[in-house]
Amino acid sequence: MISARIKRQLETLDWDFSEHLQGTSKAIHWYPGTFPSEIPTTLIQALSVKGELVFDPYGGVGTTALEALRQGRKAWLVEANPVGCLIAYTACGLILLKSQEESIPSILFELLRTKITACINSSEVPDRIATDEHIPKISDRFLTQTVEPSPARFLRAQNREINWKSLENWIARETITDIRKLTDTLNSKSLGSFGQLLALTMISAVLRPASSQTQSWGHIADNVWPKKFEKKDFYKLCLNWLSRTEGIIKKTVIDNHPGKSQSGIVFWLSSHCWQKGKKPRVSPSVPASVLITSPPYAGAIDYTLSQRLSLYLLGYTEEEVKKLCGLEIGARRKRFLATSKNDWANDLVEALEQQASYMSEDGSFAFVLPHKDSGREIGPSNIEEFLDSKNCPKIMEIERSIIQGRARQSWTSIKKEIIQIYSY
């Protein structure tokens with residue numbers, strides 16, 4: 001139960017968060033519909049203590065998990081989109097490695113730079129990096145002890161042949177040649193399993209700017225191929241990503257990470273769709289103290305289709321991409337169905353019934369949901385009705401405006417949100 005003092009503090013905050021809070025995490029890969037890290041970091045501070053488990057059943061790129069790990073909590077993230085899983089795993093892995101030894105992420109970034117430079121110059125990777133090759137082994141060993149699944153196991157799940165045929169519909173032939181060359185170079189055991197995942201995340205992150213469809217990511221989601229092709233400097237895009245991401249990790253402040261004081265797994269990632277009716281394959285053995293999430297909004301975004309280029313990189317065919325989109329709760333492609341919003345609200349509640357079974361008896365729930373002005377009030381209403389039936393009263397409801405300069409979905413009708421907090 002939230003104390004009266006904490007409730008008053010939460011009620012007086014400016015939840016619009018127009019400015020980025022120093023020390024909190026930032027996304028290392030573009031993804032639509034992400035919420036600012038200030039929301040989960042505030043809720044985590046208010047609703048949990050260090051060492052407890054924070055659960056995000058719609059994890060996206062891992063914003064909630066990153067903030068939980070950063071603040072000394074454990075984190076469990078569930079996400080249906082394979083690209084979201086890759087981004088979240090890599091970002092959280094970097095934060096965990098920084099918590100172990102601050103220099104490790106920078107050494108991994110430098111190893112990738114060296115290999116990219118070798119590609120540019122068509123030369124062999126210099127012998128001087130051999131002295132740093134023990135770092136990938138140290139990284140894999142540490143993450144194997146603290147993350148489930150391990151880097152090796154997670155990498156094997158990504159080990160599918162790249163769908164080059166589909167990528168060629170979007171990217172100039174000369175750029176494809178550079179991508180092929182770099183992916184071959186980075187498919188190296190010398191990088192270790194996590195290093196290869198970092199490389200895969202980097203390539204995924206720059207595919208959209210490397211493509212010849214420059215109008216918007218919506219055109220990629222809608223499968224509108226470019227009318228003409230333009231060669232892009234793929235290597236430069238990768239180097240720029242490395243510099244930006246290294247800067248993000250350096251500026252992210254670690255607050256007594258649990259890995260420093262506890263042994264065992266502190267981060268779990270489950271690739272799972274709640275609509276399948278099955279339990280996630282990966283889950284913690286301890287209940288979660290707090291569930292913090294922003295479920296997908298009905299008819300707002302096709303998360304899967306927005307990442308189609310990255311899904312091709314991960315080996316998905318066009319039919320598999322469409323299948324993933326069909327399983328997506330509230331997918332924008334379903335908005336033309338007369339029952340789309342009712343279906344979305346019902347899917348949220350059915351999933352919540354499963355998710356609640358992983359919560360502790362004195363746990364809390366916090367949801368970032370669309371405001372009633374968006375015409376999606378049935379979702380929050382059904383969640384409230386369900387939790388009330390489980391004797392989980394709503395403690396507070398807060399309104400917030402979406403600052404368009406920080407939004408990934410400014411083209412939608414959603415300009416305001418609500419934050420609902422419930423307690424067992």
# chains A, B, ... in the order shown; residues from 1 in each chain; ligands from 1
>>> residues_around(residues="stretch 135-141 of chain A", least_positions_apart="6", cutoff="10 Å", atoms="only C-alpha atoms", output="MDAnalysis selection string")
chainID A and resid 93:94 96:97 100:101 103:105 107:108 111 147 150:152 189:196
>>> residues_around(residues="A:Lys181", least_positions_apart="6", cutoff="10 Å", atoms="only C-alpha atoms", output="PyMOL selection string")
chain A and resi 116+119-120+122+175
>>> write_last_selection(atoms="all heavy atoms", output="mmCIF file, in the first residue's frame")
data_model
loop_
_atom_site.group_PDB
_atom_site.id
_atom_site.type_symbol
_atom_site.label_atom_id
_atom_site.label_comp_id
_atom_site.auth_asym_id
_atom_site.auth_seq_id
_atom_site.Cartn_x
_atom_site.Cartn_y
_atom_site.Cartn_z
ATOM 1 N N ILE A 116 34.770 -2.408 -38.029
ATOM 2 C CA ILE A 116 34.164 -1.578 -39.080
ATOM 3 C C ILE A 116 35.244 -0.882 -39.896
ATOM 4 O O ILE A 116 35.187 -0.828 -41.130
ATOM 5 C CB ILE A 116 33.202 -0.546 -38.459
ATOM 6 C CG1 ILE A 116 31.995 -1.255 -37.841
ATOM 7 C CG2 ILE A 116 32.731 0.462 -39.513
ATOM 8 C CD1 ILE A 116 31.112 -0.347 -36.999
ATOM 9 N N CYS A 119 36.736 -3.120 -42.338
ATOM 10 C CA CYS A 119 35.870 -3.286 -43.507
ATOM 11 C C CYS A 119 36.029 -2.119 -44.477
ATOM 12 O O CYS A 119 36.101 -2.306 -45.697
ATOM 13 C CB CYS A 119 34.410 -3.389 -43.066
ATOM 14 S SG CYS A 119 33.855 -5.057 -42.705
ATOM 15 N N ILE A 120 36.069 -0.931 -43.928
ATOM 16 C CA ILE A 120 36.204 0.268 -44.768
ATOM 17 C C ILE A 120 37.498 0.224 -45.574
ATOM 18 O O ILE A 120 37.531 0.547 -46.772
ATOM 19 C CB ILE A 120 36.163 1.541 -43.898
ATOM 20 C CG1 ILE A 120 34.785 1.690 -43.239
ATOM 21 C CG2 ILE A 120 36.496 2.780 -44.729
ATOM 22 C CD1 ILE A 120 34.720 2.811 -42.217
ATOM 23 N N SER A 122 39.219 -2.470 -46.203
ATOM 24 C CA SER A 122 39.432 -3.806 -46.797
ATOM 25 C C SER A 122 40.712 -4.439 -46.286
ATOM 26 O O SER A 122 41.535 -4.983 -47.041
ATOM 27 C CB SER A 122 39.459 -3.711 -48.330
ATOM 28 O OG SER A 122 38.225 -3.244 -48.824
ATOM 29 N N THR A 175 24.652 -0.458 -51.039
ATOM 30 C CA THR A 175 24.562 -0.460 -49.580
ATOM 31 C C THR A 175 24.388 -1.885 -49.058
ATOM 32 O O THR A 175 24.971 -2.252 -48.026
ATOM 33 C CB THR A 175 23.388 0.427 -49.111
ATOM 34 O OG1 THR A 175 23.484 1.702 -49.741
ATOM 35 C CG2 THR A 175 23.420 0.603 -47.605
#
>>> select_by_dssp(residues="stretch 98-343 of chain A", states="alpha helix (DSSP H)", output="ChimeraX atom specification")
/A:98-100,104-120,134-146,151-158,164-167,173-186,192-210,217-221,234-251,258-261,303-306,308-313,318-327,340-343
>>> atom_distance(atom1="atom CA of A:Gly375", atom2="atom CA of A:Thr34")
20.2 Å
>>> residues_around(residues="stretch 239-250 of chain A", least_positions_apart="5", cutoff="9 Å", atoms="only C-alpha atoms", output="list in words")
Ser25, Lys26, Ala27, Ile28, His29, Ala91, Leu94, Ile95, Lys98, Glu102, Pro105, Ser106, Phe109, Glu110, Leu112, Arg113, Ile116, Met202, Ala205, Val206 and Phe234 of chain A
>>> select_by_dssp(residues="stretch 336-373 of chain A", states="strand (DSSP E or B)", output="ChimeraX atom specification")
/A:359-370
>>> closest_atom_pairs(of="stretch 189-254 of chain A", to="stretch 67-87 of chain A", cutoff="10 Å", atoms="only C-alpha atoms", output="tab-separated table")
residue	atom	partner	partner_atom	distance
A:Leu197	CA	A:Leu86	CA	7.6
A:Leu198	CA	A:Ile87	CA	8.8
A:Leu200	CA	A:Leu86	CA	8.4
A:Thr201	CA	A:Ile87	CA	6.3
A:Met202	CA	A:Ile87	CA	9.3
A:Ser204	CA	A:Val83	CA	8.3
A:Ala205	CA	A:Ile87	CA	8.9
A:Thr252	CA	A:Arg70	CA	7.9
A:Val253	CA	A:Arg70	CA	6.9
A:Ile254	CA	A:Arg70	CA	4.8
>>> residues_around(residues="A:Asp222", least_positions_apart="4", cutoff="9 Å", atoms="only C-alpha atoms", output="list in words")
Trp217, Gly218, Leu305 and Ser306 of chain A
>>> closest_residue(among="A:Gln145, A:Ser423, A:Ser310, A:Ser166", to="A:Trp268", atoms="only C-alpha atoms")
A:Gln145
>>> decode(residues="stretch 134-162 of chain A", atoms="N, CA and C atoms", output="PDB file, in the first residue's frame")
ATOM      1  N   HIS A 134      39.810 -10.602 -24.300  1.00  0.00           N
ATOM      2  CA  HIS A 134      39.360 -11.273 -23.079  1.00  0.00           C
ATOM      3  C   HIS A 134      38.095 -10.608 -22.534  1.00  0.00           C
ATOM      4  N   ILE A 135      37.843  -9.341 -22.933  1.00  0.00           N
ATOM      5  CA  ILE A 135      36.667  -8.623 -22.440  1.00  0.00           C
ATOM      6  C   ILE A 135      35.367  -9.289 -22.891  1.00  0.00           C
ATOM      7  N   PRO A 136      35.230  -9.716 -24.176  1.00  0.00           N
ATOM      8  CA  PRO A 136      34.013 -10.437 -24.542  1.00  0.00           C
ATOM      9  C   PRO A 136      33.774 -11.697 -23.710  1.00  0.00           C
ATOM     10  N   LYS A 137      34.849 -12.401 -23.358  1.00  0.00           N
ATOM     11  CA  LYS A 137      34.697 -13.601 -22.531  1.00  0.00           C
ATOM     12  C   LYS A 137      34.219 -13.238 -21.127  1.00  0.00           C
ATOM     13  N   ILE A 138      34.807 -12.168 -20.580  1.00  0.00           N
ATOM     14  CA  ILE A 138      34.390 -11.702 -19.250  1.00  0.00           C
ATOM     15  C   ILE A 138      32.926 -11.259 -19.285  1.00  0.00           C
ATOM     16  N   SER A 139      32.557 -10.559 -20.361  1.00  0.00           N
ATOM     17  CA  SER A 139      31.183 -10.077 -20.505  1.00  0.00           C
ATOM     18  C   SER A 139      30.200 -11.238 -20.534  1.00  0.00           C
ATOM     19  N   ASP A 140      30.493 -12.239 -21.366  1.00  0.00           N
ATOM     20  CA  ASP A 140      29.596 -13.390 -21.477  1.00  0.00           C
ATOM     21  C   ASP A 140      29.497 -14.151 -20.156  1.00  0.00           C
ATOM     22  N   ARG A 141      30.622 -14.286 -19.468  1.00  0.00           N
ATOM     23  CA  ARG A 141      30.621 -15.017 -18.201  1.00  0.00           C
ATOM     24  C   ARG A 141      29.769 -14.293 -17.157  1.00  0.00           C
ATOM     25  N   PHE A 142      29.931 -12.976 -17.082  1.00  0.00           N
ATOM     26  CA  PHE A 142      29.167 -12.203 -16.101  1.00  0.00           C
ATOM     27  C   PHE A 142      27.674 -12.219 -16.422  1.00  0.00           C
ATOM     28  N   LEU A 143      27.318 -12.012 -17.681  1.00  0.00           N
ATOM     29  CA  LEU A 143      25.903 -11.964 -18.054  1.00  0.00           C
ATOM     30  C   LEU A 143      25.245 -13.338 -17.940  1.00  0.00           C
ATOM     31  N   THR A 144      26.001 -14.396 -18.163  1.00  0.00           N
ATOM     32  CA  THR A 144      25.460 -15.745 -17.980  1.00  0.00           C
ATOM     33  C   THR A 144      25.042 -15.968 -16.532  1.00  0.00           C
ATOM     34  N   GLN A 145      25.740 -15.315 -15.610  1.00  0.00           N
ATOM     35  CA  GLN A 145      25.432 -15.446 -14.181  1.00  0.00           C
ATOM     36  C   GLN A 145      24.313 -14.536 -13.722  1.00  0.00           C
ATOM     37  N   THR A 146      23.975 -13.518 -14.520  1.00  0.00           N
ATOM     38  CA  THR A 146      23.016 -12.516 -14.050  1.00  0.00           C
ATOM     39  C   THR A 146      21.795 -12.347 -14.937  1.00  0.00           C
ATOM     40  N   VAL A 147      21.806 -12.946 -16.134  1.00  0.00           N
ATOM     41  CA  VAL A 147      20.709 -12.745 -17.091  1.00  0.00           C
ATOM     42  C   VAL A 147      20.167 -14.088 -17.563  1.00  0.00           C
ATOM     43  N   GLU A 148      18.866 -14.165 -17.693  1.00  0.00           N
ATOM     44  CA  GLU A 148      18.203 -15.348 -18.246  1.00  0.00           C
ATOM     45  C   GLU A 148      17.314 -14.915 -19.412  1.00  0.00           C
ATOM     46  N   PRO A 149      17.545 -15.417 -20.632  1.00  0.00           N
ATOM     47  CA  PRO A 149      18.516 -16.442 -21.020  1.00  0.00           C
ATOM     48  C   PRO A 149      19.941 -15.892 -21.109  1.00  0.00           C
ATOM     49  N   SER A 150      20.901 -16.788 -21.154  1.00  0.00           N
ATOM     50  CA  SER A 150      22.299 -16.382 -21.279  1.00  0.00           C
ATOM     51  C   SER A 150      22.548 -15.788 -22.656  1.00  0.00           C
ATOM     52  N   PRO A 151      23.631 -15.019 -22.817  1.00  0.00           N
ATOM     53  CA  PRO A 151      23.934 -14.458 -24.144  1.00  0.00           C
ATOM     54  C   PRO A 151      24.059 -15.521 -25.228  1.00  0.00           C
ATOM     55  N   ALA A 152      24.687 -16.648 -24.930  1.00  0.00           N
ATOM     56  CA  ALA A 152      24.854 -17.699 -25.940  1.00  0.00           C
ATOM     57  C   ALA A 152      23.505 -18.268 -26.361  1.00  0.00           C
ATOM     58  N   ARG A 153      22.651 -18.489 -25.389  1.00  0.00           N
ATOM     59  CA  ARG A 153      21.327 -19.035 -25.695  1.00  0.00           C
ATOM     60  C   ARG A 153      20.481 -18.025 -26.465  1.00  0.00           C
ATOM     61  N   PHE A 154      20.539 -16.771 -26.070  1.00  0.00           N
ATOM     62  CA  PHE A 154      19.757 -15.749 -26.755  1.00  0.00           C
ATOM     63  C   PHE A 154      20.267 -15.553 -28.186  1.00  0.00           C
ATOM     64  N   LEU A 155      21.588 -15.604 -28.378  1.00  0.00           N
ATOM     65  CA  LEU A 155      22.165 -15.455 -29.713  1.00  0.00           C
ATOM     66  C   LEU A 155      21.724 -16.599 -30.623  1.00  0.00           C
ATOM     67  N   ARG A 156      21.678 -17.807 -30.084  1.00  0.00           N
ATOM     68  CA  ARG A 156      21.237 -18.948 -30.899  1.00  0.00           C
ATOM     69  C   ARG A 156      19.811 -18.741 -31.394  1.00  0.00           C
ATOM     70  N   ALA A 157      18.973 -18.107 -30.571  1.00  0.00           N
ATOM     71  CA  ALA A 157      17.587 -17.853 -30.977  1.00  0.00           C
ATOM     72  C   ALA A 157      17.509 -16.849 -32.121  1.00  0.00           C
ATOM     73  N   GLN A 158      18.546 -16.003 -32.272  1.00  0.00           N
ATOM     74  CA  GLN A 158      18.572 -15.011 -33.350  1.00  0.00           C
ATOM     75  C   GLN A 158      19.273 -15.541 -34.598  1.00  0.00           C
ATOM     76  N   ASN A 159      19.796 -16.744 -34.525  1.00  0.00           N
ATOM     77  CA  ASN A 159      20.657 -17.269 -35.579  1.00  0.00           C
ATOM     78  C   ASN A 159      19.836 -17.840 -36.745  1.00  0.00           C
ATOM     79  N   ARG A 160      19.219 -16.911 -37.498  1.00  0.00           N
ATOM     80  CA  ARG A 160      18.473 -17.275 -38.691  1.00  0.00           C
ATOM     81  C   ARG A 160      19.119 -16.582 -39.881  1.00  0.00           C
ATOM     82  N   GLU A 161      18.971 -17.175 -41.058  1.00  0.00           N
ATOM     83  CA  GLU A 161      19.561 -16.585 -42.253  1.00  0.00           C
ATOM     84  C   GLU A 161      18.859 -15.278 -42.607  1.00  0.00           C
ATOM     85  N   ILE A 162      19.623 -14.236 -42.853  1.00  0.00           N
ATOM     86  CA  ILE A 162      19.073 -12.917 -43.167  1.00  0.00           C
ATOM     87  C   ILE A 162      18.212 -12.986 -44.428  1.00  0.00           C
TER      88      ILE A 162
END
